[in-house]
Structures are given as structure tokens and as C-alpha cells.
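Data block below; observations after.
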2 protein chains.
Amino acid sequence: MSLNRTHYRPIDAGVLAEIRAAVGDAAVLTDPERLAPFARDASELAAVPELVVAATSTEQVERLLALADRRRFPVTPRGQGTGLAGGAVAGCGGVVLSLAGMNRILAIDCANLVAVVEPGVINGALKAAARAKGLFYPPDPASFDTCSLGGNAATNAGGPACVKYGTTRDYVLGLEAVLANGRRIRAGGATRKGVVGYDLAHLLVGSEGTLGVITRLILKLIPHPPAVTTLVALFPRMPDAMRAVSAILGRGLMPSAIEFLDDHCLSLVGDLLPFRGVARAGALLLAEADGPATVIQQQIEAMGEICLENAADDVLLAPDSEKRARLWDVRKQVSLRIEEQNPVYIPEDVVVPVAGIAEFVGRIPEFERRFEIAIYAFGHAGDGNIHLNLTARSESDRPRVEAAIGELLRLVLAMGGTISGEHGIGAVKREVFHPDHDHHFRGLEPRNS
Amino acid sequence: MSLNRTHYRPIDAGVLAEIRAAVGDAAVLTDPERLAPFARDASELAAVPELVVAATSTEQVERLLALADRRRFPVTPRGQGTGLAGGAVAGCGGVVLSLAGMNRILAIDCANLVAVVEPGVINGALKAAARAKGLFYPPDPASFDTCSLGGNAATNAGGPACVKYGTTRDYVLGLEAVLANGRRIRAGGATRKGVVGYDLAHLLVGSEGTLGVITRLILKLIPHPPAVTTLVALFPRMPDAMRAVSAILGRGLMPSAIEFLDDHCLSLVGDLLPFRGVARAGALLLAEADGPATVIQQQIEAMGEICLENAADDVLLAPDSEKRARLWDVRKQVSLRIEEQNPVYIPEDVVVPVAGIAEFVGRIPEFERRFEIAIYAFGHAGDGNIHLNLTARSESDRPRVEAAIGELLRLVLAMGGTISGEHGIGAVKREVFHPDHDHHFRGLEPRNS
């Protein structure tokens with residue numbers, strides 16, 4: 001993947017002066033040391049921008065984009081730079097527009113169950129503010145304590161809670177955005193329903209900044225569930241775990257999370273987990289139920305029984321809160337550990353229809369053998385959203401990793417899946433975007449069952 | 001409201017022959033007797049189309065629209081004609097394209113929890129087919145046993161279940177549609193997640209046929225709730241009932257429906273209800289909870305207590321199934337009864353932020369006095385979605401009714417509401433559309449509370 005900045009001329013002194021006049025001197029960073037932190041996101045890509053505009057108001061965004069439209073320089077909007085797809089990297093050069101400074105929670109409205117926020121608010125900060133009023137903002141990307149809500153909306157971020165609660169799009173009721181010509185629009189609103197006009201708010205969600213820069217969000221909140229309980233199950237083989245997931249969903253149990261780790265991940269992080277024998281298990285399921293205490297107790301027990309029916313070696317119900325925190329902490333560290341251990345590391349983020357996950361994960365070892373690489377798989381089993389982490393021991397193996405990715409994505413598409421469940425296209429997947437667009441609709445004819 | 005067909009030339013014999021050649025003779029209706037049923041929907045508008053194409057395949061839709069694009073004749077897509085906004089009425093002349101004959105349920109996929117349907121499938125038929133497999137398709141417009149899913153998607157239909165389950169848009173995972181130039185597109189898919197490309201599927205939902213004709217839908221199903229229970233509460237005054245609704249939602253109880261009827265509605269249909277004293281009550285709340293039996297019992301009792309705390313005169317918990325069916329039957333007949341009793345009858349479908357409904361309904365009597373009309377209010381209290389039925393005793397009063405509507409819609413907008421929660425713009429609201437588009441976003445700054 002190469003980033004190409006040849007389409008645009010560098011910003012010259014005249015345009016720089018116009019930018020300073022438009023947004024104010026204090027908002028413009030040009031010192032190389034101050035630009036460096038804006039060169040990367042959480043992908044492998046990097047490009048130092050020509051300058052950064054650190055916006056603190058919508059008016060600055062309007063003026064910058066109007067000027068960019070007139071003077072033809074690229075602007076790459078950026079929140080906290082936690083994206084995995086290079087979407088916040090200024091691959092075309094020009095300006096990185098940081099929204100991190102627009103970070104006020106403007107309202108938590110308990111009577112209407114909505115929050116109004118600026119795009120730079122950290123996801124976890126909204127969760128905490130809502131929690132303090134008995135409310136819940138469910139979307140929970142792994143980076144929730146560092147990622148910002150504007151980026152969450154721009155990428156339609158998901159997370160473990162999606163299986164029960166849906167993605168960020170399901171929580172965006174309305175938004176304000178600035179279009180590429182500098183015009184500010186508002187779409188949606190604070191009402192729970194509304195069928196007046198096209199649904200532009202949800203079109204902007206997931207558009208990765210290509211349709212506009214989100215400068216304000218009206219987000220739906222829900223009452224906070226009174227309790228949560230957790231289950232950990234160890235399986236000898238991955239397909240067993242996946243069959244348990246299908247059975248749990250098929251019987252109408254509704255986990256608030258149902259995550260899995262494969263044997264490679266467990267060999268890497270199993271010893272960090274507060275349970276015995278994890279590092280040698282074939283697969284781990286981490287499931288939760290939230291809601292009224294009596295109900296979730298029944299739910300989690302029923303999930304545990306289903307795991308045992310599907311060959312689980314061990315099921316642990318309701319670990320204490322310290323163990324639960326440890327579990328999630330380790331679950332969230334997995335990608336980092338994989339990256340640390342492997343010179344070549346490419347994270348993929350595929351989705352297959354839920355009924356196909358056992359078959360799909362069952363075929364991963366075949367790819368490992370064929371391409372002589374290691375593939376670490378974990379992710380959101382209940383959504384069919386599998387984070388495939390393809391790795392190799394040296395740079396010279398990279399072509400084999402890339403070849404394996406091509407084949408895996410073809411398999412995903414052939415199964416009616418899609419090549420990204422939550423990370424997005426960004427710069428990383430731009431080249432493979434088209435095949436998906438043609439093929440990920442085979443699901444229009446799923447089988448009867 | 002006048003329908004204007006002057007923009008287009010009538011279809012001549014040459015174009016008619018081309019239409020017959022494109023879609024097949026058998027699909028083309030021209031006999032006035034056969035055209036008549038296609039002249040109206042459930043609004044006051046009527047226009048007999050020049051001809052009807054009754055499609056049974058997507059290929060016919062493609063060919064008709066490609067031809068319409070070339071020969072410049074209007075095409076109005078139509079499902080079962082149950083819309084309340086004139087959207088299915090061929091006000092511009094030309095062709096009505098009936099999708100009613102494309103009515104196959106292509107799959108109910110229990111493993112992936114999706115259904116694949118043609119647009120002419122009746123909502124209630126999908127509900128029944130899903131129910132037979134233990135699954136649930138929640139969207140439930142009042143006309144669910146006669147309206148079709150293509151129209152539900154085109155208008156983003158709502159219903160009583162929205163308060164818990166969301167609108168039709170929340171159940172559309174993917175769709176196939178034919179654009180105005182005859183090109184077939186597919187958007188979305190059968191996976192639960194996916195962030196590849198713009199969210200065109202959800203943009204088509206609610207676009208009322210203006211962006212394309214939906215020819216196939218992939219719909220999300222969920223496990224069927226094991227049980228449901230019902231509450232009826234009578235209040236002396238409407239604002240009391242609305243305060244009870246706010247309290248129920250605010251305390252985190254999650255009704256699967258929470259409907260209200262005002263005193264005018266009760267005086268009209270109260271005697272049909274299987275309870276005493278209803279016709280003289282100030283307001284009625286009909287609330288339900290669905291889920292595991294033990295949980296919903298607690299929920300419905302808590303809702304009942306909140307009603308009593310908010311001045312309810314009478315609360316009836318869990319009526320038997322016969323009474324429950326009667327309740328819903330009467331609730332759904334209300335508009336029909338209002339229409340029968342009143343020579344002038346204009347249904348409006350406003351939404352205000354939930355916290356504003358007590359204030360809003362409290363102001364309705366002032367409008368009745370000022371304009372000397374009667375306003376029957378009922379609707380989906382939990383969404384703030386109020387069906388205002390403005391009536392008068394004679395045609396000469398119609399201008400006063402229309403003046404009252406204008407004022408009411410301005411009030412709705414000033415409160416951060418929107419002028420249609422589920423009926424849509426269609427032809428009926430085309431003229432008042434723009435003000436809403438400018439103003440219904442005030443909700444971007446709701447209060448802290």
C-alpha cells in the first residue's frame with residue numbers, strides 16, 4: 001500500500017497565509033515536532049501532513065473547508081487517530097484537520113434520552129457522563145477510552161456490544177457537518193422518529209469523512225442495564241465454539257457480548273488470564289448478559305449449558321468483578337501483543353453471515369499451511385465479525401501474507417460476507433474496495449432453514 | 001392540495017406499444033374499471049393513472065423504468081395503497097407501477113436471522129411466517145395486515161412497536177432496487193455488520209420511491225419474545241397520562257408499546273372497549289411489555305404504579321387475551337371512526353421530543369377553541385409521535401382546519417419536533433416540506449436535565 005501525494009501541489013506561503021487568516025494563527029501548527037504526532041493512526045501507514053489545523057469551533061471548520069475548496073488543497077479530518085485503516089493519515093498531503101479540541105459534552109438530556117456532543121469527546125467520557133445519570137451509551141470499540149465520537153460516527157464504529165445493541169449508526173439521531181465546500185448542514189434531529197426528507201444523517205455515518213466533517217452529534221441514550229454477568233468457556237476446537245455461538249443466538253438468548261479468541265491468541269495471552277489451562281485451549285468464548293439480575297442469571301446459565309453441549313471442556317460462570325475486568329483487559333490487548341510479537345502484522349476485519357462462522361474459521365488452518373504464515377483470529381462471534389491477524393516472521397514473507405489476504409477476502413465474499421465489519425476502508429483497503437462492492441450482496445439469497 | 005399533471009405529455013399510442021413490448025401485454029392494465037382501484041391510497045387524494053403496470057419480476061421494473069427515462073413519462077410505484085400521504089397516487093399522470101404481485105417470501109433463514117422478501121409481501125404475512133419459526137419481525141404499522149413491506153421500507157413505516165424495537169429502517173439489512181434509469185442496484189447485505197461503502201440501503205429506506213423502486217429486501221429478524229402483557233390506564237386529563245409516559249421511560253422500563261387516546265377519541269370509541277367508564281375518561285394509556293414472563297410481570301406492575309402516581313383513576317393489569325385483542329382492534333379503528341364521523345378530516349402525524357409531549361398535548365384545546373374545530377389526538381406516546389386528526393362539521397370549515405394545521409406545525413417545529421413521524425411527505429405534505437427541513441433540527445441543543 002503506497003500513499004500518493006502527487007495529485008496536489010504543496011501548500012505555498014500564500015495559501016498558508018490565507019489559512020492562518022481563516023482559522024486564526026493559534027490553530028495552525030507547522031513546527032515539524034508538533035506535526036509528527038499527526039502522521040500516523042493505528043495502521044501501518046504514515047505521512048507527515050504539511051500542516052495541522054487544530055479546530056476549536058465549527059466556524060473554523062467552515063472557513064478551512066471553503067478555502068480548501070477554492071485553493072484546491074486536501075484536508076484530512078482526524079479525531080484521536082485510533083483508526084486501523086489509515087483514514088486519518090494525510091496520504092494526499094495538505095492539511096490534517098484535528099477535531100480533538102472540540103471536546104465538549106453539550107448536554108445529557110435525561111428527559112429525552114439524548115446527548116449532544118462535539119466530535120472530539122472521548123467515547124468513554126460520554127459513557128461515564130451518561131452512567132452518572134443512570135443512562136447508557138452502548139457503542140464500545142476496543143479503543144473506547146481513547147477514541148473520539150466524531151471518528152466513531154465517521155467510521156460507524158462497532159465493538160463487543162454490537163451483537164445486542166447495534167453499531168454507532170444506531171445511536172446517531174442527528175448531526176451537524178461541514179461539507180467540502182464549507183457549507184454547514186444539519187441532518188436528523190432530537191426526536192425518536194421522523195420521516196421528513198432523506199436520511200442524510202445516517203448516510204454521513206460511516207462515510208469516513210468523504211461526505212463532510214462531523215462537527216456535532218445528537219446521540220441516543222438508553223437506560224443503563226441494572227446488572228451484567230459474564231461467562232468464560234474453553235473449547236478443544238474453534239468450530240465447536242462457533243457452533244455454541246450459533247446455538248446461543250438461535251435459541252433466542254441475547255448476549256450483550258459474545259467474543260472469541262482462537263488457539264494462537266490463547267497461546268499468546270492465555271497466561272495473562274485468571275484461569276487455568278487457557279494457554280493450551282483450542283478456543284475461548286467470553287459471553288455476557290446484561291439486564292435485570294434474575295433474568296441474566298438464567299440467561300448466562302443457559303449459555304453455559306449450550307457451551308457444554310457443544311464440547312466445551314470448562315465453563316466458568318460469573319467470575320468476580322476483578323477477574324471480569326482482567327478478562328476484558330486481556331481481550332483488548334490481544335492485537336497489541338500480536339503486533340509486538342510479529343515483524344509482519346496485517347489486521348483484517350471480515351464479516352461472514354453468522355451461520356457461516358464455524359465453516360469459515362475451520363478453514364483458517366488450511367490458509368496457514370498453504371501460505372506458511374500464522375493467522376491469529378479473535379472477534380465478535382455473535383455478529384460473524386472476525387478479526388483475522390495475518391503475521392509472518394520476517395519482511396521477506398510479506399508477499400505471502402498479502403497473497404493469503406487476497407484469497408481470504410475472496411472466500412469471505414463467496415460466503416456472502418463483507419471485507420470490513422468495523423475498521424472501514426480508509427487508505428488501507430482502497431484498492432480492494434471494488435471487488436467487495438460487486439460481490440458482498442450474495443446474501444440476497446440465503447437459504448431457508 | 002392539488003395534484004398537477006401538466007408537466008408531462010399524456011402517454012400516446014406509440015409509447016403504450018413500447019411499454020407493452022417492454023413488460024409484456026399481460027402486465028399492462030388500461031381498462032378504466034381496472035385502473036380505478038389504483039387511483040387512491042388512504043389519503044384524500046385521487047388521480048386515475050393513464051395505465052397500470054402490474055409487475056411480477058424485477059426485469060419488468062428495469063425495462064419499464066429504462067423506457068420511462070427515455071420517453072419521459074412519470075412512474076409512481078405502489079404497493080397496497082395503504083399510505084396516508086398520497087405517495088402512491090399518480091398525481092403527475094403516467095404509469096402506476098404496482099409491486100403487489102411480487103409477493104413471495106424467498107427465505108426465512110433461522111441460522112442467520114434474516115428474511116428475504118419481494119416488495120409485495122404483506123407485513124402480517126412475514127410476521128406469521130417468522131412466528132412459525134420462533135422469530136419476530138417487529139415493525140407494525142396499524143395497517144400491518146394489509147400493507148406491504150416494499151411500501152413499509154419506502155416510507156420507513158413505524159407503529160406501536162417502535163418505542164422498543166425501532167422503525168422499518170432498523171430491520172432493513174440490504175435491498176435491491178431499480179433506479180430511475182432502469183439500472184438495478186444492490187445495497188447492504190445479509191451480514192449483521194459492514195462498513196464497506198456508503199449506507200445506500202438505509203438512504204433508500206424512507207425515500208418514498210424517489211430514489212428507486214425497491215424490488216427485494218433482506219430483513220433482520222429477532223427471536224420472538226416468549227410472552228407479552230398489557231396494561232390499560234384511565235386518566236382524568238391528557239397531560240397526566242403524558243407525564244406517566246415520561247416517568248415510565250425515564251425509570252428505564254421499556255414498554256413494547258405505549259399508546260394513548262385522548263378524550264375525543266374515547267368519546268367516539270370508548271363504548272367499544274371492554275372496560276367501564278372509558279367514554280368519559282380524559283385519556284387512556286395502553287402499554288405492553290414483552291419478554292420473559294417473570295420480567296414483564298414486574299415491568300407491567302411498575303408501569304401501573306407509575307400511572308397511579310400520576311393521577312390515573314383506574315389501572316387494569318394484564319387483561320385476558322380476548323380483551324387485549326379487542327383493545328388493539330379498537331385502537332386501530334380510531335382513525336376510521338373519526339373519518340366516518342367528520343365530513344372534514346385531515347390526519348397529521350407530528351413528533352415532538354418525548355419530554356415535550358405533556359406540554360404539546362396540553363395546548364391542543366387552545367387550538368380547538370381558537371379555530372373552532374375538533375382535534376382528535378392519539379398515537380405513540382413513547383416516541384412523542386402524535387396523530388393529530390383535525391376535523392370539522394362542514395366543508396366550509398376546511399380553511400379553518402388548514403389554518404390550524406399551519407399553526408400546529410409551526411408549534412411542533414418550534415419545540416424541536418418534526419412534521420411527520422411515520423406517514424411521510426408523499427403528495428400531501430410536499431408544500432410544507434421546506435420549512436421543516438430548515439427548522440426541525442433545533443433539537444441539536446436540548447437542555448441538560
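Lettering and numbering for the C-alpha cells are positional, with chains as A, B, ... in the shown order, residues counted from 1 in each chain, and ligands counted from 1 in the shown order.
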**OP:** Excluding stretch 231-235 of chain B and residues on its chain fewer than 2 positions from it, collect all residues at most 8 Å away from it, counting only C-alpha atoms, and give them as a PyMOL selection string.
**Re:** chain B and resi 229+237-238+240-241+278+281-288+300+304+307+311-319
I'd like the contact shell of A:Pro255 - 8 Å cut-off, only C-alpha atoms, skipping same-chain residues fewer than 6 positions apart - returned as a PDB file with all heavy atoms, in the first residue's frame.
ATOM      1  N   VAL A 163     -23.586  -6.861  19.186  1.00  0.00           N
ATOM      2  CA  VAL A 163     -24.426  -8.035  18.988  1.00  0.00           C
ATOM      3  C   VAL A 163     -25.803  -7.809  19.599  1.00  0.00           C
ATOM      4  O   VAL A 163     -26.815  -8.239  19.056  1.00  0.00           O
ATOM      5  CB  VAL A 163     -23.738  -9.309  19.537  1.00  0.00           C
ATOM      6  CG1 VAL A 163     -23.530  -9.242  21.029  1.00  0.00           C
ATOM      7  CG2 VAL A 163     -24.519 -10.552  19.167  1.00  0.00           C
ATOM      8  N   LYS A 164     -25.855  -7.090  20.703  1.00  0.00           N
ATOM      9  CA  LYS A 164     -27.149  -6.772  21.305  1.00  0.00           C
ATOM     10  C   LYS A 164     -27.616  -5.370  20.946  1.00  0.00           C
ATOM     11  O   LYS A 164     -28.795  -5.140  20.715  1.00  0.00           O
ATOM     12  CB  LYS A 164     -27.067  -6.898  22.831  1.00  0.00           C
ATOM     13  CG  LYS A 164     -28.358  -6.509  23.556  1.00  0.00           C
ATOM     14  CD  LYS A 164     -28.343  -6.925  25.013  1.00  0.00           C
ATOM     15  CE  LYS A 164     -29.652  -6.526  25.701  1.00  0.00           C
ATOM     16  NZ  LYS A 164     -29.692  -6.989  27.104  1.00  0.00           N
ATOM     17  N   LEU A 249     -27.460 -17.889  19.945  1.00  0.00           N
ATOM     18  CA  LEU A 249     -28.283 -16.892  19.252  1.00  0.00           C
ATOM     19  C   LEU A 249     -29.579 -17.521  18.755  1.00  0.00           C
ATOM     20  O   LEU A 249     -30.642 -16.914  18.833  1.00  0.00           O
ATOM     21  CB  LEU A 249     -27.504 -16.287  18.087  1.00  0.00           C
ATOM     22  CG  LEU A 249     -26.228 -15.540  18.463  1.00  0.00           C
ATOM     23  CD1 LEU A 249     -25.469 -15.128  17.212  1.00  0.00           C
ATOM     24  CD2 LEU A 249     -26.534 -14.315  19.317  1.00  0.00           C
ATOM     25  N   ALA A 287     -18.691 -14.507  27.068  1.00  0.00           N
ATOM     26  CA  ALA A 287     -20.054 -14.027  26.792  1.00  0.00           C
ATOM     27  C   ALA A 287     -20.582 -13.275  27.996  1.00  0.00           C
ATOM     28  O   ALA A 287     -20.228 -13.592  29.134  1.00  0.00           O
ATOM     29  CB  ALA A 287     -20.976 -15.199  26.463  1.00  0.00           C
ATOM     30  N   GLU A 288     -21.421 -12.280  27.716  1.00  0.00           N
ATOM     31  CA  GLU A 288     -22.041 -11.546  28.814  1.00  0.00           C
ATOM     32  C   GLU A 288     -23.533 -11.406  28.562  1.00  0.00           C
ATOM     33  O   GLU A 288     -23.998 -11.458  27.417  1.00  0.00           O
ATOM     34  CB  GLU A 288     -21.412 -10.161  28.962  1.00  0.00           C
ATOM     35  CG  GLU A 288     -19.935 -10.240  29.323  1.00  0.00           C
ATOM     36  CD  GLU A 288     -19.395  -9.004  30.003  1.00  0.00           C
ATOM     37  OE1 GLU A 288     -19.834  -7.889  29.661  1.00  0.00           O
ATOM     38  OE2 GLU A 288     -18.513  -9.162  30.863  1.00  0.00           O
ATOM     39  N   ALA A 289     -24.258 -11.206  29.653  1.00  0.00           N
ATOM     40  CA  ALA A 289     -25.672 -10.853  29.551  1.00  0.00           C
ATOM     41  C   ALA A 289     -25.888  -9.662  30.453  1.00  0.00           C
ATOM     42  O   ALA A 289     -25.334  -9.619  31.561  1.00  0.00           O
ATOM     43  CB  ALA A 289     -26.559 -12.022  29.985  1.00  0.00           C
ATOM     44  N   ASP A 290     -26.659  -8.674  29.999  1.00  0.00           N
ATOM     45  CA  ASP A 290     -26.986  -7.567  30.891  1.00  0.00           C
ATOM     46  C   ASP A 290     -28.494  -7.380  30.955  1.00  0.00           C
ATOM     47  O   ASP A 290     -29.230  -7.793  30.075  1.00  0.00           O
ATOM     48  CB  ASP A 290     -26.248  -6.279  30.499  1.00  0.00           C
ATOM     49  CG  ASP A 290     -26.684  -5.704  29.168  1.00  0.00           C
ATOM     50  OD1 ASP A 290     -27.652  -6.198  28.577  1.00  0.00           O
ATOM     51  OD2 ASP A 290     -26.035  -4.743  28.711  1.00  0.00           O
TER      52      ASP A 290
END
Subject >> Exercise: A:Ala177 partners within 6 Å, only C-alpha atoms, chain neighbours under 3 positions left out, as a PyMOL selection string >> reply: chain A and resi 184-185+212-215
**OP:** Starting from chain A, keep only residues with some atom at most 7 Å from an atom of chain B, counting only C-alpha atoms, and report them as a VMD selection string.
**Re:** chain A and resid 107 to 112 116 156 186 188 to 196 198 to 199 203 206 to 207 218 223 250 252 351 to 355 383 417 to 418 420 to 422 424 to 425 440 to 441 443 to 449
**OP:** Taking the DSSP assignment computed from this structure's backbone, write out as a ChimeraX atom specification all residues of stretch 332-417 of chain B that belong to helix (DSSP H, G or I).
**Re:** /B:332-341,354-362,364-371,381-383,395-414
Store the residues of this selection in a file with N, CA and C atoms, as a short mmCIF file (atom, residue, chain, number, x, y, z; two decimals), in the first residue's frame.
data_model
loop_
_atom_site.label_atom_id
_atom_site.label_comp_id
_atom_site.auth_asym_id
_atom_site.auth_seq_id
_atom_site.Cartn_x
_atom_site.Cartn_y
_atom_site.Cartn_z
N LYS B 332 -56.90 0.45 16.59
CA LYS B 332 -56.62 0.57 15.17
C LYS B 332 -57.78 1.11 14.36
N GLN B 333 -58.97 1.03 14.95
CA GLN B 333 -60.15 1.55 14.24
C GLN B 333 -60.35 3.05 14.45
N VAL B 334 -59.58 3.63 15.36
CA VAL B 334 -59.88 5.01 15.73
C VAL B 334 -59.93 5.95 14.53
N SER B 335 -58.91 5.89 13.67
CA SER B 335 -58.90 6.86 12.56
C SER B 335 -60.11 6.68 11.66
N LEU B 336 -60.45 5.41 11.41
CA LEU B 336 -61.61 5.12 10.58
C LEU B 336 -62.87 5.76 11.17
N ARG B 337 -63.06 5.60 12.46
CA ARG B 337 -64.25 6.16 13.13
C ARG B 337 -64.26 7.68 13.05
N ILE B 338 -63.09 8.27 13.25
CA ILE B 338 -63.02 9.74 13.17
C ILE B 338 -63.41 10.18 11.76
N GLU B 339 -62.87 9.48 10.78
CA GLU B 339 -63.14 9.85 9.39
C GLU B 339 -64.63 9.69 9.06
N GLU B 340 -65.23 8.60 9.53
CA GLU B 340 -66.66 8.36 9.28
C GLU B 340 -67.55 9.46 9.84
N GLN B 341 -67.14 9.97 11.01
CA GLN B 341 -68.00 10.90 11.74
C GLN B 341 -67.84 12.35 11.29
N VAL B 354 -39.72 13.66 23.35
CA VAL B 354 -40.59 12.99 24.33
C VAL B 354 -40.90 13.88 25.53
N ALA B 355 -39.91 14.63 26.00
CA ALA B 355 -40.12 15.45 27.19
C ALA B 355 -41.13 16.57 26.94
N GLY B 356 -41.44 16.84 25.67
CA GLY B 356 -42.36 17.93 25.36
C GLY B 356 -43.80 17.50 25.14
N ILE B 357 -44.10 16.21 25.22
CA ILE B 357 -45.45 15.79 24.81
C ILE B 357 -46.53 16.28 25.77
N ALA B 358 -46.25 16.32 27.08
CA ALA B 358 -47.28 16.80 28.01
C ALA B 358 -47.62 18.26 27.68
N GLU B 359 -46.59 19.06 27.46
CA GLU B 359 -46.83 20.47 27.11
C GLU B 359 -47.59 20.57 25.78
N PHE B 360 -47.16 19.80 24.81
CA PHE B 360 -47.79 19.91 23.49
C PHE B 360 -49.27 19.52 23.53
N VAL B 361 -49.57 18.36 24.10
CA VAL B 361 -50.98 17.96 24.12
C VAL B 361 -51.80 18.88 25.01
N GLY B 362 -51.17 19.48 26.02
CA GLY B 362 -51.88 20.43 26.86
C GLY B 362 -52.33 21.66 26.10
N ILE B 364 -53.42 21.62 22.90
CA ILE B 364 -54.37 21.31 21.82
C ILE B 364 -55.74 21.99 22.03
N PRO B 365 -56.31 21.97 23.25
CA PRO B 365 -57.63 22.61 23.44
C PRO B 365 -57.64 24.09 23.02
N GLU B 366 -56.54 24.76 23.23
CA GLU B 366 -56.43 26.17 22.82
C GLU B 366 -56.61 26.30 21.30
N PHE B 367 -56.04 25.37 20.55
CA PHE B 367 -56.22 25.39 19.09
C PHE B 367 -57.66 25.08 18.71
N GLU B 368 -58.28 24.16 19.42
CA GLU B 368 -59.68 23.83 19.14
C GLU B 368 -60.58 25.06 19.32
N ARG B 369 -60.37 25.76 20.42
CA ARG B 369 -61.19 26.96 20.68
C ARG B 369 -60.92 28.04 19.64
N ARG B 370 -59.64 28.27 19.40
CA ARG B 370 -59.27 29.38 18.54
C ARG B 370 -59.78 29.18 17.11
N PHE B 371 -59.69 27.96 16.60
CA PHE B 371 -60.09 27.72 15.20
C PHE B 371 -61.49 27.10 15.09
N ALA B 381 -47.13 7.38 22.26
CA ALA B 381 -46.68 8.33 23.27
C ALA B 381 -45.18 8.19 23.55
N GLY B 382 -44.70 6.98 23.55
CA GLY B 382 -43.30 6.75 23.93
C GLY B 382 -42.30 7.31 22.93
N ASP B 383 -42.73 7.55 21.71
CA ASP B 383 -41.86 8.16 20.69
C ASP B 383 -42.13 9.66 20.55
N GLU B 395 -67.70 21.32 4.95
CA GLU B 395 -66.64 21.71 4.03
C GLU B 395 -66.28 23.19 4.15
N SER B 396 -67.26 24.01 4.53
CA SER B 396 -66.97 25.44 4.63
C SER B 396 -65.99 25.73 5.77
N ASP B 397 -65.82 24.75 6.67
CA ASP B 397 -64.87 24.94 7.77
C ASP B 397 -63.44 24.56 7.40
N ARG B 398 -63.27 23.98 6.20
CA ARG B 398 -61.96 23.46 5.85
C ARG B 398 -60.83 24.50 5.95
N PRO B 399 -61.07 25.74 5.49
CA PRO B 399 -59.96 26.72 5.61
C PRO B 399 -59.50 26.90 7.06
N ARG B 400 -60.45 26.83 8.01
CA ARG B 400 -60.04 26.97 9.42
C ARG B 400 -59.20 25.78 9.87
N VAL B 401 -59.58 24.59 9.36
CA VAL B 401 -58.79 23.41 9.69
C VAL B 401 -57.37 23.56 9.14
N GLU B 402 -57.29 24.04 7.90
CA GLU B 402 -55.96 24.18 7.29
C GLU B 402 -55.12 25.25 7.99
N ALA B 403 -55.80 26.31 8.42
CA ALA B 403 -55.07 27.35 9.15
C ALA B 403 -54.54 26.79 10.48
N ALA B 404 -55.38 25.98 11.13
CA ALA B 404 -54.95 25.38 12.40
C ALA B 404 -53.75 24.46 12.19
N ILE B 405 -53.76 23.70 11.10
CA ILE B 405 -52.63 22.81 10.80
C ILE B 405 -51.34 23.61 10.68
N GLY B 406 -51.41 24.70 9.94
CA GLY B 406 -50.22 25.54 9.77
C GLY B 406 -49.64 25.98 11.10
N GLU B 407 -50.54 26.42 11.99
CA GLU B 407 -50.09 26.90 13.31
C GLU B 407 -49.52 25.75 14.15
N LEU B 408 -50.21 24.61 14.09
CA LEU B 408 -49.75 23.46 14.88
C LEU B 408 -48.37 22.99 14.42
N LEU B 409 -48.19 22.96 13.10
CA LEU B 409 -46.89 22.51 12.60
C LEU B 409 -45.79 23.48 13.01
N ARG B 410 -46.12 24.78 13.02
CA ARG B 410 -45.11 25.75 13.48
C ARG B 410 -44.75 25.51 14.94
N LEU B 411 -45.77 25.21 15.75
CA LEU B 411 -45.50 24.92 17.16
C LEU B 411 -44.60 23.68 17.30
N VAL B 412 -44.91 22.66 16.52
CA VAL B 412 -44.12 21.42 16.56
C VAL B 412 -42.65 21.72 16.24
N LEU B 413 -42.45 22.51 15.18
CA LEU B 413 -41.09 22.84 14.77
C LEU B 413 -40.38 23.67 15.84
N ALA B 414 -41.14 24.61 16.42
CA ALA B 414 -40.54 25.46 17.46
C ALA B 414 -40.13 24.64 18.68
#
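Relative to atom CA of B:Thr30, atom CA of B:Gly14 is found at 14.5 Å.
Straight-line separation from atom CA of B:Arg393 to atom CA of B:Ala42: 20.4 Å.
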B:Ala142 surroundings by only C-alpha atoms, 10 Å radius, close-in-sequence under 3 positions cut, as a CSV table (one decimal) with N, CA and C atoms, in the first residue's frame:
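Produced file result_35.csv, reproduced below:
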chain,number,residue,atom,x,y,z
B,82,THR,N,-51.9,1.7,1.0
B,82,THR,CA,-52.4,2.0,2.4
B,82,THR,C,-51.8,3.3,2.9
B,139,PRO,N,-41.6,-4.4,13.1
B,139,PRO,CA,-42.4,-3.2,12.6
B,139,PRO,C,-43.9,-3.5,12.4
B,145,ASP,N,-51.9,-5.8,8.5
B,145,ASP,CA,-52.4,-7.0,7.8
B,145,ASP,C,-52.9,-6.7,6.4
B,146,THR,N,-52.7,-5.4,5.9
B,146,THR,CA,-52.9,-5.1,4.5
B,146,THR,C,-51.8,-4.4,3.8
B,147,CYS,N,-50.9,-3.8,4.5
B,147,CYS,CA,-49.8,-3.1,3.9
B,147,CYS,C,-48.6,-4.0,3.5
B,157,ALA,N,-41.8,2.8,7.6
B,157,ALA,CA,-43.0,2.7,8.4
B,157,ALA,C,-42.7,2.4,9.8
B,158,GLY,N,-43.5,3.0,10.7
B,158,GLY,CA,-43.4,2.8,12.1
B,158,GLY,C,-44.6,2.0,12.6
B,159,GLY,N,-45.0,2.3,13.9
B,159,GLY,CA,-46.1,1.6,14.5
B,159,GLY,C,-45.8,1.5,16.0
B,160,PRO,N,-46.7,0.9,16.7
B,160,PRO,CA,-46.6,0.9,18.2
B,160,PRO,C,-45.3,0.3,18.7
B,328,TRP,N,-56.7,-3.6,21.0
B,328,TRP,CA,-55.9,-3.3,19.8
B,328,TRP,C,-56.7,-3.1,18.6
B,329,ASP,N,-57.8,-3.9,18.5
B,329,ASP,CA,-58.7,-3.7,17.4
B,329,ASP,C,-59.3,-2.3,17.4
B,331,ARG,N,-58.2,0.3,19.1
B,331,ARG,CA,-57.1,1.3,18.8
B,331,ARG,C,-56.8,1.5,17.4
B,332,LYS,N,-56.9,0.5,16.6
B,332,LYS,CA,-56.6,0.6,15.2
B,332,LYS,C,-57.8,1.1,14.4
B,333,GLN,N,-59.0,1.0,14.9
B,333,GLN,CA,-60.1,1.6,14.2
B,333,GLN,C,-60.4,3.0,14.4
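For the atom pair formed by atom CA of B:Tyr165 and atom CA of B:Phe136, the distance is 10.7 Å, given to one decimal.
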